Structure formats: C-alpha cells, structure tokens
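The next block is coords_37.txt, given as compact mmCIF, C-alpha atoms and all ligand atoms.
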```
# COMPACT_ATOMS: atom_id res chain seq x y z
CA MET A 1 110.71 69.62 84.80
CA ASN A 2 111.24 69.67 88.51
CA LEU A 3 110.85 72.68 90.77
CA GLY A 4 113.11 71.28 93.48
CA LYS A 5 112.36 70.81 97.14
CA TYR A 6 112.41 74.45 98.20
CA SER A 7 111.26 77.27 95.96
CA ILE A 8 110.13 80.83 96.41
CA GLY A 9 107.93 82.94 94.18
CA VAL A 10 109.29 86.42 94.59
CA GLY A 11 107.21 88.07 91.90
CA ASP A 12 108.03 91.66 91.06
CA ARG A 13 105.36 94.16 90.04
CA PHE A 14 107.61 96.50 88.06
CA THR A 15 110.34 94.02 86.99
CA TYR A 16 113.28 96.12 88.25
CA GLN A 17 114.34 94.03 91.27
CA GLY A 18 115.16 90.63 89.77
CA LYS A 19 118.85 90.91 90.60
CA ALA A 20 118.28 92.08 94.17
CA GLN A 21 115.84 89.24 94.76
CA LEU A 22 118.21 86.69 93.29
CA ARG A 23 121.08 88.03 95.42
CA ALA A 24 119.02 87.25 98.53
CA ILE A 25 118.29 83.70 97.35
CA MET A 26 121.92 83.09 96.40
CA LYS A 27 122.99 84.33 99.81
CA ALA A 28 120.74 81.68 101.41
CA ASN A 29 122.01 79.04 99.00
CA GLU A 30 125.57 79.86 100.05
CA LYS A 31 124.51 78.74 103.53
CA GLY A 32 123.82 75.27 102.18
CA LEU A 33 120.25 75.64 100.95
CA ASN A 34 119.09 75.01 97.43
CA ILE A 35 116.17 77.36 96.84
CA THR A 36 114.76 77.68 93.35
CA PRO A 37 113.77 81.23 92.43
CA VAL A 38 110.47 81.75 90.64
CA TRP A 39 109.31 85.03 89.17
CA ASN A 40 105.55 84.88 89.38
CA LYS A 41 103.13 87.46 88.10
CA SER A 42 99.39 87.28 87.77
CA ASN A 43 97.34 88.43 84.85
CA ARG A 44 95.80 91.14 87.04
CA GLU A 45 99.24 92.48 87.98
CA HIS A 46 100.34 92.58 84.36
CA ILE A 47 97.20 94.51 83.43
CA TYR A 48 97.52 97.02 86.30
CA VAL A 49 101.20 97.66 85.68
CA GLY A 50 101.07 97.50 81.90
CA THR A 51 103.72 94.80 81.55
CA VAL A 52 103.60 91.68 79.37
CA PRO A 53 104.85 88.15 80.12
CA ALA A 54 107.98 88.77 78.02
CA ASP A 55 109.05 91.47 80.52
CA THR A 56 109.08 88.97 83.37
CA ARG A 57 111.01 86.45 81.29
CA LYS A 58 113.56 89.11 80.36
CA GLU A 59 113.95 90.17 83.98
CA ALA A 60 114.53 86.59 85.15
CA ASP A 61 116.98 85.74 82.35
CA GLU A 62 118.94 88.96 82.86
CA ALA A 63 119.20 88.52 86.63
CA VAL A 64 120.35 84.92 86.28
CA LYS A 65 122.94 85.88 83.68
CA ALA A 66 124.23 88.92 85.54
CA LEU A 67 124.77 86.98 88.77
CA ASN A 68 126.01 83.78 87.10
CA PHE A 69 123.28 81.80 88.82
CA THR A 70 123.58 78.19 87.68
CA GLY A 71 120.52 76.62 89.31
CA ALA A 72 117.05 76.10 87.93
CA TYR A 73 114.65 79.07 87.84
CA PHE A 74 111.15 79.59 86.56
CA VAL A 75 108.71 82.20 85.28
CA ASP A 76 105.25 81.57 86.71
CA ALA A 77 102.04 82.54 84.92
CA ASP A 78 100.31 83.10 88.22
CA HIS A 79 96.55 82.71 88.59
CA ILE A 80 95.69 82.02 84.99
CA ASN A 81 92.65 80.24 83.59
CA LEU A 82 91.60 78.93 80.20
CA THR A 83 90.77 82.41 78.91
CA THR A 84 94.04 84.04 79.98
CA VAL A 85 96.60 81.24 79.58
CA SER A 86 97.50 81.58 75.90
CA LYS A 87 99.55 84.76 76.11
CA TYR A 88 101.80 83.12 78.75
CA VAL A 89 102.56 79.95 76.82
CA GLU A 90 105.73 81.13 75.17
CA MET A 91 107.36 82.97 78.08
CA SER A 92 106.37 80.86 81.09
CA ASP A 93 107.49 77.46 82.24
CA PHE A 94 105.39 77.41 85.41
CA PHE A 95 101.61 77.75 85.33
CA THR A 96 99.32 78.36 88.29
CA LEU A 97 95.94 77.08 87.21
CA ASP A 98 93.49 79.15 89.23
CA VAL A 99 90.26 77.23 89.46
CA ALA A 100 88.80 78.95 92.53
CA SER A 101 85.95 80.52 90.59
CA PHE A 102 84.77 77.05 89.54
CA ILE A 103 84.32 75.85 93.12
CA GLY A 104 80.68 74.92 93.68
CA LYS A 105 79.82 74.87 89.95
CA GLU A 106 77.63 71.97 88.96
CA SER A 107 78.88 68.71 87.50
CA SER A 108 76.74 66.02 85.87
CA LYS A 109 75.36 63.21 87.98
CA GLU A 110 77.38 60.71 85.91
CA GLU A 111 80.60 62.52 86.69
CA VAL A 112 79.83 62.71 90.41
CA ASP A 113 78.86 59.02 90.47
CA ALA A 114 82.00 58.00 88.61
CA PHE A 115 84.15 59.94 91.06
CA VAL A 116 82.42 58.47 94.11
CA GLU A 117 82.83 55.00 92.64
CA SER A 118 86.55 55.58 92.12
CA CYS A 119 86.84 56.24 95.87
CA GLU A 120 84.94 53.17 97.03
CA LYS A 121 87.97 51.63 98.70
CA TYR A 122 88.42 54.65 100.99
CA LEU A 123 84.95 54.44 102.57
CA GLY A 124 84.91 53.98 106.32
CA GLU A 125 87.87 54.79 108.55
CA LEU A 126 90.81 55.90 106.46
CA GLN A 127 94.07 56.12 108.35
CA ILE A 128 96.54 58.46 106.72
CA PRO A 129 100.00 57.37 107.92
CA ARG A 130 101.25 59.47 110.86
CA MET A 131 97.97 61.39 111.18
CA ASP A 132 96.54 61.45 114.70
CA LYS A 133 93.07 60.17 113.92
CA PRO A 134 91.64 58.30 110.95
CA LEU A 135 89.44 60.24 108.51
CA HIS A 136 85.82 59.16 108.46
CA ILE A 137 84.79 58.81 104.82
CA THR A 138 81.16 58.40 103.82
CA LYS A 139 79.40 58.43 100.46
CA GLU A 140 77.65 61.64 101.49
CA LEU A 141 80.98 63.29 102.20
CA LEU A 142 82.36 62.20 98.83
CA CYS A 143 79.26 63.54 97.04
CA GLU A 144 79.56 66.81 98.94
CA ILE A 145 83.23 67.17 98.00
CA ALA A 146 82.44 66.28 94.39
CA ASP A 147 79.70 68.92 94.24
CA LYS A 148 82.14 71.47 95.52
CA PHE A 149 85.30 70.63 93.61
CA LEU A 150 84.68 68.38 90.62
CA ALA A 151 83.99 71.26 88.20
CA ALA A 152 87.06 73.12 89.47
CA THR A 153 89.34 70.13 88.91
CA GLN A 154 87.73 69.63 85.49
CA HIS A 155 88.72 73.20 84.62
CA ALA A 156 92.26 72.45 85.79
CA ALA A 157 92.28 69.40 83.52
CA GLU A 158 91.20 71.54 80.56
CA ILE A 159 93.95 74.12 81.09
CA TYR A 160 96.44 71.30 81.63
CA ALA A 161 95.39 69.62 78.37
CA PHE A 162 95.81 72.95 76.57
CA LEU A 163 99.32 73.33 77.99
CA ILE A 164 100.32 69.78 77.07
CA GLN A 165 99.30 70.60 73.51
CA ALA A 166 101.01 73.97 73.48
CA LYS A 167 104.26 73.17 75.32
CA GLY A 168 104.56 69.41 75.43
CA GLU A 169 104.41 67.19 78.48
CA GLY A 170 107.18 67.68 81.01
CA ASN A 171 108.11 71.14 79.76
CA PHE A 172 106.40 73.11 82.50
CA ILE A 173 105.57 73.08 86.20
CA THR A 174 101.91 72.66 87.08
CA GLU A 175 100.37 74.31 90.12
CA VAL A 176 96.67 74.20 90.96
CA SER A 177 95.42 77.04 93.14
CA MET A 178 92.19 77.45 95.07
CA ASP A 179 93.40 79.99 97.58
CA GLU A 180 91.43 83.05 96.53
CA VAL A 181 88.21 82.03 98.24
CA GLU A 182 86.58 82.77 101.55
CA SER A 183 86.41 79.35 103.20
CA PRO A 184 89.48 77.17 103.66
CA GLN A 185 89.74 73.69 102.21
CA THR A 186 90.10 71.03 104.85
CA PRO A 187 92.74 68.27 104.64
CA VAL A 188 90.08 65.69 103.73
CA GLU A 189 88.85 67.95 100.92
CA MET A 190 92.42 68.34 99.75
CA LEU A 191 92.84 64.57 99.69
CA PHE A 192 89.92 64.12 97.33
CA ILE A 193 90.77 67.17 95.23
CA LEU A 194 94.08 65.41 94.59
CA LYS A 195 92.20 62.21 93.76
CA MET A 196 90.11 64.14 91.21
CA LEU A 197 93.23 65.65 89.65
CA ALA A 198 94.87 62.22 89.51
CA ASN A 199 91.74 60.69 87.93
CA LYS A 200 91.85 63.40 85.27
CA GLY A 201 95.55 62.90 84.57
CA VAL A 202 96.67 66.32 85.84
CA LYS A 203 100.28 65.88 86.95
CA VAL A 204 100.07 68.53 89.63
CA GLN A 205 103.41 69.47 91.23
CA THR A 206 102.30 72.17 93.65
CA ILE A 207 98.90 72.80 95.16
CA ALA A 208 97.78 76.02 96.80
CA PRO A 209 94.79 75.58 99.08
CA LYS A 210 93.12 78.29 101.10
CA PHE A 211 94.36 77.82 104.62
CA THR A 212 92.53 78.69 107.78
CA GLY A 213 92.99 82.26 109.07
CA ARG A 214 93.40 85.63 107.41
CA PHE A 215 96.16 86.24 104.89
CA ASN A 216 95.90 90.01 104.65
CA LYS A 217 98.09 91.72 102.10
CA GLY A 218 101.58 92.63 103.24
CA VAL A 219 101.05 92.04 106.95
CA ASP A 220 101.37 89.13 109.33
CA TYR A 221 99.01 86.16 109.63
CA VAL A 222 95.86 86.72 111.66
CA GLY A 223 94.34 83.59 113.08
CA ASP A 224 94.73 80.62 115.34
CA LEU A 225 98.34 79.48 115.04
CA ALA A 226 97.69 76.08 116.62
CA GLN A 227 94.85 75.43 114.19
CA PHE A 228 97.02 76.50 111.26
CA ALA A 229 99.82 74.21 112.43
CA LYS A 230 97.47 71.23 112.69
CA GLU A 231 95.95 71.86 109.29
CA PHE A 232 99.30 72.46 107.60
CA GLU A 233 100.74 69.26 109.04
CA GLU A 234 97.68 67.26 107.97
CA ASP A 235 97.92 68.71 104.48
CA VAL A 236 101.55 67.61 104.25
CA LEU A 237 100.58 64.08 105.34
CA VAL A 238 97.63 63.98 102.95
CA ILE A 239 99.91 64.96 100.07
CA ASP A 240 102.40 62.26 100.99
CA PHE A 241 99.59 59.70 101.00
CA ALA A 242 98.08 61.01 97.75
CA VAL A 243 101.40 60.81 95.92
CA LYS A 244 101.84 57.14 96.81
CA GLU A 245 98.20 56.14 96.56
CA PHE A 246 97.08 58.05 93.46
CA GLY A 247 100.34 58.03 91.53
CA LEU A 248 100.79 61.81 91.50
CA PRO A 249 104.27 63.27 90.85
CA LYS A 250 106.51 62.44 93.80
CA GLU A 251 107.72 66.04 94.06
CA LEU A 252 104.17 67.31 94.73
CA LYS A 253 104.27 69.88 97.54
CA LEU A 254 102.26 72.64 99.11
CA SER A 255 102.33 76.14 97.70
CA VAL A 256 101.55 78.89 100.17
CA HIS A 257 100.22 82.06 98.59
CA SER A 258 101.13 84.23 101.49
CA GLY A 259 99.89 87.63 100.33
CA SER A 260 103.34 88.59 101.64
CA ASP A 261 105.00 88.44 105.01
CA LYS A 262 103.21 85.80 107.07
CA PHE A 263 106.10 85.80 109.50
CA SER A 264 104.37 84.09 112.42
CA ILE A 265 103.56 80.97 110.40
CA TYR A 266 107.04 80.69 108.83
CA PRO A 267 108.56 78.80 111.78
CA ILE A 268 105.52 76.51 111.92
CA MET A 269 105.87 75.60 108.26
CA ALA A 270 109.63 75.21 108.68
CA GLU A 271 109.15 72.78 111.55
CA VAL A 272 106.60 70.64 109.73
CA ILE A 273 108.51 70.34 106.48
CA ALA A 274 111.69 69.52 108.41
CA LYS A 275 109.85 66.91 110.51
CA TYR A 276 108.66 65.03 107.44
CA ASP A 277 111.50 65.99 105.12
CA LYS A 278 109.12 67.66 102.63
CA GLY A 279 109.37 70.55 100.21
CA LEU A 280 107.57 73.87 100.07
CA HIS A 281 106.79 76.61 97.59
CA LEU A 282 106.15 80.06 99.03
CA LYS A 283 104.85 83.02 97.09
CA THR A 284 105.58 86.39 98.60
CA ALA A 285 105.49 88.85 95.76
CA GLY A 286 104.00 92.17 96.88
CA THR A 287 106.58 92.58 99.60
CA THR A 288 109.11 93.71 96.98
CA TRP A 289 106.92 96.56 95.77
CA LEU A 290 106.69 97.81 99.35
CA GLU A 291 110.49 97.70 99.62
CA GLU A 292 110.69 99.86 96.52
CA VAL A 293 108.62 102.52 98.27
CA ILE A 294 110.69 102.11 101.43
CA GLY A 295 113.87 102.40 99.37
CA LEU A 296 112.69 105.59 97.71
CA ALA A 297 111.82 107.03 101.10
CA VAL A 298 115.22 106.06 102.50
CA ALA A 299 116.96 107.61 99.48
CA GLY A 300 115.49 111.00 100.42
CA GLY A 301 115.23 113.95 98.01
CA GLU A 302 113.07 113.17 95.00
CA GLY A 303 112.68 109.60 96.23
CA LEU A 304 111.08 110.63 99.52
CA GLU A 305 108.91 113.17 97.71
CA LEU A 306 107.61 110.48 95.37
CA ALA A 307 106.97 108.06 98.24
CA LYS A 308 104.87 110.78 99.88
CA LYS A 309 103.03 111.42 96.64
CA ILE A 310 102.25 107.69 96.38
CA TYR A 311 100.77 107.82 99.87
CA GLU A 312 98.75 110.93 99.10
CA ASN A 313 97.23 109.28 96.03
CA SER A 314 96.63 106.03 97.88
CA PHE A 315 94.96 107.87 100.75
CA ASN A 316 92.70 109.86 98.44
CA ARG A 317 91.73 106.80 96.39
CA GLN A 318 91.24 104.29 99.20
CA VAL A 319 87.80 103.09 98.14
CA GLU A 320 88.81 102.42 94.55
CA LEU A 321 92.16 100.79 95.38
CA CYS A 322 90.86 98.63 98.19
CA ALA A 323 87.76 97.32 96.39
CA PRO A 324 89.46 94.51 94.39
CA TYR A 325 91.25 93.36 97.55
CA ALA A 326 88.36 93.73 100.00
CA ASP A 327 88.60 90.09 101.14
CA VAL A 328 92.32 90.22 101.87
CA ILE A 329 92.81 93.49 103.72
CA ASP A 330 91.70 94.84 107.08
CA ILE A 331 92.45 98.53 107.11
CA ASP A 332 91.30 100.65 110.03
CA ALA A 333 91.00 104.00 108.23
CA SER A 334 90.98 105.86 111.55
CA LYS A 335 94.55 104.71 112.10
CA LEU A 336 95.86 106.00 108.79
CA PRO A 337 97.97 109.15 109.17
CA SER A 338 96.72 112.22 107.32
CA VAL A 339 98.42 113.33 104.12
CA GLU A 340 99.59 116.53 105.86
CA GLU A 341 101.18 114.53 108.64
CA VAL A 342 103.00 112.19 106.24
CA ASN A 343 104.20 115.12 104.15
CA GLY A 344 106.08 116.31 107.22
CA TRP A 345 107.84 112.98 107.81
CA SER A 346 111.57 112.30 107.53
CA SER A 347 112.96 109.40 105.47
CA GLU A 348 113.40 107.42 108.62
CA LYS A 349 109.88 107.98 109.90
CA PHE A 350 108.32 107.06 106.55
CA ALA A 351 110.44 103.92 106.16
CA ASN A 352 109.88 102.76 109.73
CA THR A 353 106.13 103.20 109.42
CA LEU A 354 106.02 101.11 106.25
CA ARG A 355 108.74 98.53 106.92
CA HIS A 356 107.41 95.27 108.30
CA ILE A 357 109.04 95.03 111.69
CA PRO A 358 106.27 93.92 114.04
CA GLY A 359 106.73 95.59 117.40
CA HIS A 360 108.58 98.62 116.05
CA THR A 361 107.00 101.72 117.56
CA ASP A 362 106.51 103.41 114.19
CA TYR A 363 105.20 100.37 112.28
CA ASN A 364 101.62 100.87 111.07
CA SER A 365 99.96 97.83 109.47
CA ASN A 366 97.10 99.96 108.12
CA PHE A 367 99.53 102.22 106.30
CA ARG A 368 101.35 99.16 104.97
CA GLN A 369 98.23 97.38 103.69
CA LEU A 370 97.02 100.50 101.93
CA ILE A 371 100.28 100.99 100.08
CA HIS A 372 100.42 97.26 99.32
CA VAL A 373 97.23 97.48 97.25
CA ALA A 374 98.21 100.83 95.70
CA TYR A 375 100.85 99.70 93.19
CA LYS A 376 98.42 100.87 90.51
CA VAL A 377 99.19 104.43 91.63
CA ALA A 378 102.89 103.97 90.90
CA ALA A 379 102.04 102.21 87.64
CA GLU A 380 100.09 105.28 86.54
CA MET A 381 103.08 107.47 87.32
CA GLY A 382 104.97 105.52 84.68
CA LYS A 383 108.48 106.83 84.06
CA GLU A 384 108.26 109.26 86.94
CA TYR A 385 108.27 106.19 89.19
CA THR A 386 110.54 103.82 87.28
CA ASP A 387 113.18 106.51 86.56
CA LEU A 388 113.61 106.92 90.29
CA LEU A 389 113.90 103.14 90.72
CA VAL A 390 116.84 103.41 88.35
CA LYS A 391 118.28 106.54 89.95
CA TYR A 392 118.15 105.03 93.43
CA ALA A 393 118.77 101.44 92.32
CA ASP A 394 121.44 100.81 94.96
CA VAL A 395 119.37 101.90 97.95
CA VAL A 396 116.18 100.27 96.67
CA GLY A 397 117.99 97.06 95.71
CA SER A 398 119.58 96.71 99.12
CA CYS A 399 116.17 97.15 100.79
CA VAL A 400 114.71 94.45 98.53
CA GLU A 401 117.60 92.07 99.17
CA GLU A 402 117.65 92.61 102.92
CA ASN A 403 113.89 92.10 103.14
CA ILE A 404 113.87 88.79 101.23
CA TYR A 405 116.93 87.46 103.03
CA ASP A 406 116.59 88.74 106.60
CA ARG A 407 112.86 88.83 107.10
CA HIS A 408 111.75 85.95 104.85
CA LEU A 409 114.41 83.35 104.07
CA LYS A 410 116.06 83.46 107.49
CA ARG A 411 112.75 82.82 109.22
CA LEU A 412 111.52 80.24 106.75
CA PHE A 413 114.67 78.16 106.54
CA SER A 414 115.99 78.76 110.06
CA ILE A 415 119.19 80.33 108.76
ZN ZN B 1 97.07 83.19 95.21
```
Please render this file's structure as structure tokens.
Ligand SMILES: [Zn+2]
Amino acid sequence: MNLGKYSIGVGDRFTYQGKAQLRAIMKANEKGLNITPVWNKSNREHIYVGTVPADTRKEADEAVKALNFTGAYFVDADHINLTTVSKYVEMSDFFTLDVASFIGKESSKEEVDAFVESCEKYLGELQIPRMDKPLHITKELLCEIADKFLAATQHAAEIYAFLIQAKGEGNFITEVSMDEVESPQTPVEMLFILKMLANKGVKVQTIAPKFTGRFNKGVDYVGDLAQFAKEFEEDVLVIDFAVKEFGLPKELKLSVHSGSDKFSIYPIMAEVIAKYDKGLHLKTAGTTWLEEVIGLAVAGGEGLELAKKIYENSFNRQVELCAPYADVIDIDASKLPSVEEVNGWSSEKFANTLRHIPGHTDYNSNFRQLIHVAYKVAAEMGKEYTDLLVKYADVVGSCVEENIYDRHLKRLFSI
C-alpha cells in the first residue's frame, strides 16, 4: 500500500465533517495536485468523544462514496501502541506507532553493541549528499543514540510484527511517531533511528519526529523559523540517504504532526519538498473541531448560544481541560475574555475571535487554544451538540471546507 507523495491527515473529532474535508482536498486536486486524504484519530480522542474506530471508517467511506472520490484514502489509527492497537486492526489501514514513551528506556548491552557494530562503516565524517557539512559520527554518539532510541524502535518493531500477523504485509501504511516529547530529535538522531528500524525490518513509510520549536494546539508555530528550516531540510536529506542506504521503502517521507495550523512553517516545508521533489504527510486534525464551533457561532440562534455555552464550560474548567495538554499549549489566562463578556458577543465577534486569521484585530490565540483542548465539553453535551451540527450542517461544512482549503492547502501547496 502506498500513501502517495502528498497526504493530509484531517482527523475529525466528531465524525460529521468528512464530506466537507474531502471537498476541500478535491478542490485542491482539481488544481492539479494529488493529495491523499487520511482520517486520523487517536485512541485518546476516541475515548474523550465516545466514538469507536468503526465510526471513522464509516465517515471516510461515506464521504468518498458521496463525492465520487476515486483516489486512495486511509483511516489512521493515530498514536497507538501495543496495548491499544488491537481494536483498530479491522477498521484501519494506516497505523501510527507511537513509541515516544519508550525513549530513554534501557536496552541490553548486547543489543546496543550489535547496533553500534551495524553502523561501523559510518564512523568518522559522514557526508549526506547535498547537506552542507558532513556529520561527525563517533562510537560514543552511536551508543548515546542507542541508549535513547533502541527500546523505542524495538517497541515499533513489536507493534509492526503484530500488524503483519493481523493484517498481512503490504496491507497497511506504517508511521512511526516520536513527536509527543519535550526535546526535538536532531537529523543525526533521525538517521540512526531509521537505521534501527531498518535493522529490525520495520518498513516505515512515514516518520514523525519532534521538531524544534513549539507546536501549540490550534495556533501558529512559535520558534526560530531559520532553525526549523535548516532542521527540516536536513531531515529530508537524511531520509533520502536512509532510503537508499538502509533499503527502507522508497516512499518514506516526513509526517508533521502540526497540532493544527502551523501556518508560518507551511511555506518553508513547501519550498524544501519542492526543492528536492519529496513528499509530505501533514496532520492537522483539531482545526476542524474549531471550525465546527465557529460555524455554530456564525449560524446564530441556538448555534451561537451553544458556542457560548462551550466557552463558558471551557472557561470554568480550564485547569482540568488544559492538564493533559500542558506541554502543547501556552494560554495567558489574563487575556481570556470573561464569560459575561462573551455572552454579549455577536456571531461575528465570536467567530472572528476564534477563527485563525493572524493579524485580525479580534483574533485571540488564548481563546482559540482553550477551545481547542475543550472538545471534551462538546462530547459531554452529546446530542445537544451533534444535533446542531446536523441542523447547521451547511454553514458548519462551509467553514470546515474553507479552512482546510484556503488556510491550509493553499499555503502548503502554493495554490
Ligand atoms: Zn502526534
């Protein structure tokens, strides 16, 4: 199975926007692109929302059928591990093996030695084609990288072996993710992580490292753009080298778990992948949930009332809602509007405050991040929430479509 050169993981917390998301992708494909849609959903999201993997499969199949989409598409079991993978086997054909929690776990001396030995030929100055400077590889560095990542790649190999058994080789896409950690992986670490995966026979097709900088939920990238650009470019070159040198699948590409809306790095990524004629997978899932709230606000009436109620609940439960996402949000509580103030807002004011248009006078990134992590509030509302998604499907759907097409795909693919 091949994911194709360009693919986007649109996710969808509540599984009502599959068609709107696909419309946006098809609109880009009409402009000459060939973007593969992926509906990704993590175990945590399923648990919070109360959905099961079959719901995501149904959403994807129905959207594809309704719009007569003839390209490839996938359902991604996002961020799974050996304990959570089994319930996704039947419905998913894309698996994101999240091994971040195994980083730094101990491996036996024999395993470390065997890995270091397998890298003997790279000791000294290693010139990756088209990279500015050669990498300086020492035994100490290899041991250090092995101590950090060997157990994590071993866990990936175990999940992969389970999937080969359960689904058969070639019947699923394999992603390995290490993005949900504090410190970024450097290009040289990535090189040897790929070597470990190759040694263990994991036919990885996308890899999601933690990049430098902050990837806060729902808002733009915060960090050094030049540093990001350098690292991203080196990662692309390292992957190209690893594919040829270690015999990994030739379609192997980077997967960027964006945490939604990293607009300022989109043109950088676009430039690098165009320069080297490489592919990219981008996950930007939570952005659709925010468009649902924006859509409800725009719809007015009951929709606006519910959007305000979601904010009230989010505001009053900040500590609880933010805790699981503490590492990936930066909310300045003093800049959050009061519940009373928001209750007095018009549709326009609410939507403009939440909608991600950097530079807009009403846009408030604190407000946006808080609602981003508060989808649990809507999940608890159950039918009260989803009935309004149905009632205002046209308005909400056009917000979702416009967001994916205008703010994401246009920037990412220079449309
Ligand atoms: Zn991730």
Exercise. Counting all atoms listed in the file, which of A:Val328, A:Val400, A:Val64, A:Ala333 gets nearest to ligand ZN 1 (chain B)?
Worked result: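 That would be A:Val328, the residue with the smallest distance to ligand ZN 1 (chain B).
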Problem set entry | Shortest interatomic distance to Gln127 (chain A) - which of A:Phe241, A:Phe115, A:Tyr405, A:Tyr385, counting only C-alpha atoms |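 For Gln127 (chain A), the nearest of the given residues is A:Phe241.
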For this session: All residues within 12 Å of ligand ZN 1 (chain B) are required, counting only C-alpha atoms and all ligand atoms; please report them as a PyMOL selection string.
Result: chain A and resi 9+11+40-45+76-80+96-100+175-181+207-211+215-217+255-260+281-286+325+328
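Residue nearest Val85 (chain A) within the list A:Ala114, A:Cys119, A:Ala60, A:Leu163: A:Leu163 [criterion: smallest interatomic distance, only C-alpha atoms].
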Problem set entry | Best match for closeness to Asp332 (chain A) among A:Ile103, A:Ala66, A:Leu370, A:Val188, counting all atoms listed in the file |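 For Asp332 (chain A), the nearest of the given residues is A:Leu370.
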Problem set entry | Nearest-residue call for Phe74 (chain A), choices A:Ile145, A:Val395, A:Ala198, A:Ile35, using all atoms listed in the file |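 Of A:Ile145, A:Val395, A:Ala198, A:Ile35, the one nearest Phe74 (chain A) is A:Ile35, counting all atoms listed in the file.
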Problem set entry | Among listed residues A:His408, A:Lys200, A:Lys31, A:Lys58, nearest Thr15 (chain A) (using all atoms listed in the file) | A:Lys58
Exercise. By how many Å are CA of Glu233 (chain A) and CA of Met269 (chain A) apart?
Worked result: 8.2 Å
For this session: Fewer than 6 positions away in the same chain doesn't count, so skip those; otherwise give me all residues within 12 Å of Tyr48 (chain A), counting only C-alpha atoms, as a VMD selection string.
Result: chain A and resid 13 to 14 41 to 42 321 324 373 to 382
For this session: Work out how far apart CA of Phe172 (chain A) and CA of Leu248 (chain A) are and give it in Å to one decimal.
Result: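 According to the coordinates, CA of Phe172 (chain A) and CA of Leu248 (chain A) are separated by 15.5 Å.
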Tell me, as a compact mmCIF listing (two decimals) with C-alpha atoms, in the frame of the given file, which residues lie within 7 Å of region 346-353 of chain A, counting only C-alpha atoms; anything in the same chain fewer than 2 positions away does not count.
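Dumped to result28.txt:
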```txt
# COMPACT_ATOMS: atom_id res chain seq x y z
CA ILE A 294 110.69 102.11 101.43
CA ALA A 297 111.82 107.03 101.10
CA VAL A 298 115.22 106.06 102.50
CA GLY A 300 115.49 111.00 100.42
CA LEU A 304 111.08 110.63 99.52
CA GLY A 344 106.08 116.31 107.22
CA ARG A 355 108.74 98.53 106.92
CA ASP A 362 106.51 103.41 114.19
CA TYR A 363 105.20 100.37 112.28
CA ASN A 364 101.62 100.87 111.07
```
For this session: List the neighbours of Phe246 (chain A) out to 10 Å using all atoms listed in the file; skip same-chain residues closer than 5 positions along the sequence, and give me the result as a ChimeraX atom specification.
Result: /A:191,194-199,239,241
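Within the 12 Å cut-off around Lys230 (chain A), using only C-alpha atoms and omitting residues fewer than 5 positions from it on the same chain, the listed residues are Met131, Asp132, Lys133, Thr186, Pro187, Phe211, Thr212, Asp224, Leu225, Asp235, Val236, Leu237, Ile265, Ile268, Met269, Glu271 and Val272 of chain A.
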Exercise. In file coordinates, which residues lie within 12 Å of (101.9, 72.5, 73.9) using only C-alpha atoms, given as a ChimeraX atom specification?
Worked result: /A:85-86,88-90,92-93,159-172
For this session: Rounded to one decimal place, report the CA of Asp55 (chain A)-CA of Gly18 (chain A) distance in Å.
Result: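 Straight-line distance from CA of Asp55 (chain A) to CA of Gly18 (chain A) works out to 11.1 Å.
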Kindly output region 167-179 of chain A as a compact mmCIF listing (two decimals), in the frame of the given file, after building N, CA and C atoms.
```
# COMPACT_ATOMS: atom_id res chain seq x y z
N LYS A 167 102.85 73.20 74.90
CA LYS A 167 104.26 73.17 75.32
C LYS A 167 104.88 71.78 75.33
N GLY A 168 104.04 70.78 75.35
CA GLY A 168 104.56 69.41 75.43
C GLY A 168 104.70 68.96 76.88
N GLU A 169 104.38 67.72 77.12
CA GLU A 169 104.41 67.19 78.48
C GLU A 169 105.83 67.27 79.07
N GLY A 170 105.89 67.64 80.33
CA GLY A 170 107.18 67.68 81.01
C GLY A 170 107.96 68.97 80.80
N ASN A 171 107.38 69.89 80.04
CA ASN A 171 108.11 71.14 79.76
C ASN A 171 107.63 72.32 80.60
N PHE A 172 106.88 72.03 81.63
CA PHE A 172 106.40 73.11 82.50
C PHE A 172 106.01 72.54 83.87
N ILE A 173 106.00 73.43 84.84
CA ILE A 173 105.57 73.08 86.20
C ILE A 173 104.07 73.38 86.31
N THR A 174 103.36 72.48 86.95
CA THR A 174 101.91 72.66 87.08
C THR A 174 101.52 72.89 88.54
N GLU A 175 100.94 74.05 88.79
CA GLU A 175 100.37 74.31 90.12
C GLU A 175 98.86 74.47 89.96
N VAL A 176 98.12 73.97 90.94
CA VAL A 176 96.67 74.20 90.96
C VAL A 176 96.37 75.03 92.19
N SER A 177 95.70 76.18 91.99
CA SER A 177 95.42 77.04 93.14
C SER A 177 93.92 77.22 93.36
N MET A 178 93.58 77.22 94.65
CA MET A 178 92.19 77.45 95.07
C MET A 178 92.18 78.39 96.26
N ASP A 179 93.22 79.21 96.35
CA ASP A 179 93.40 79.99 97.58
C ASP A 179 92.56 81.25 97.64
```
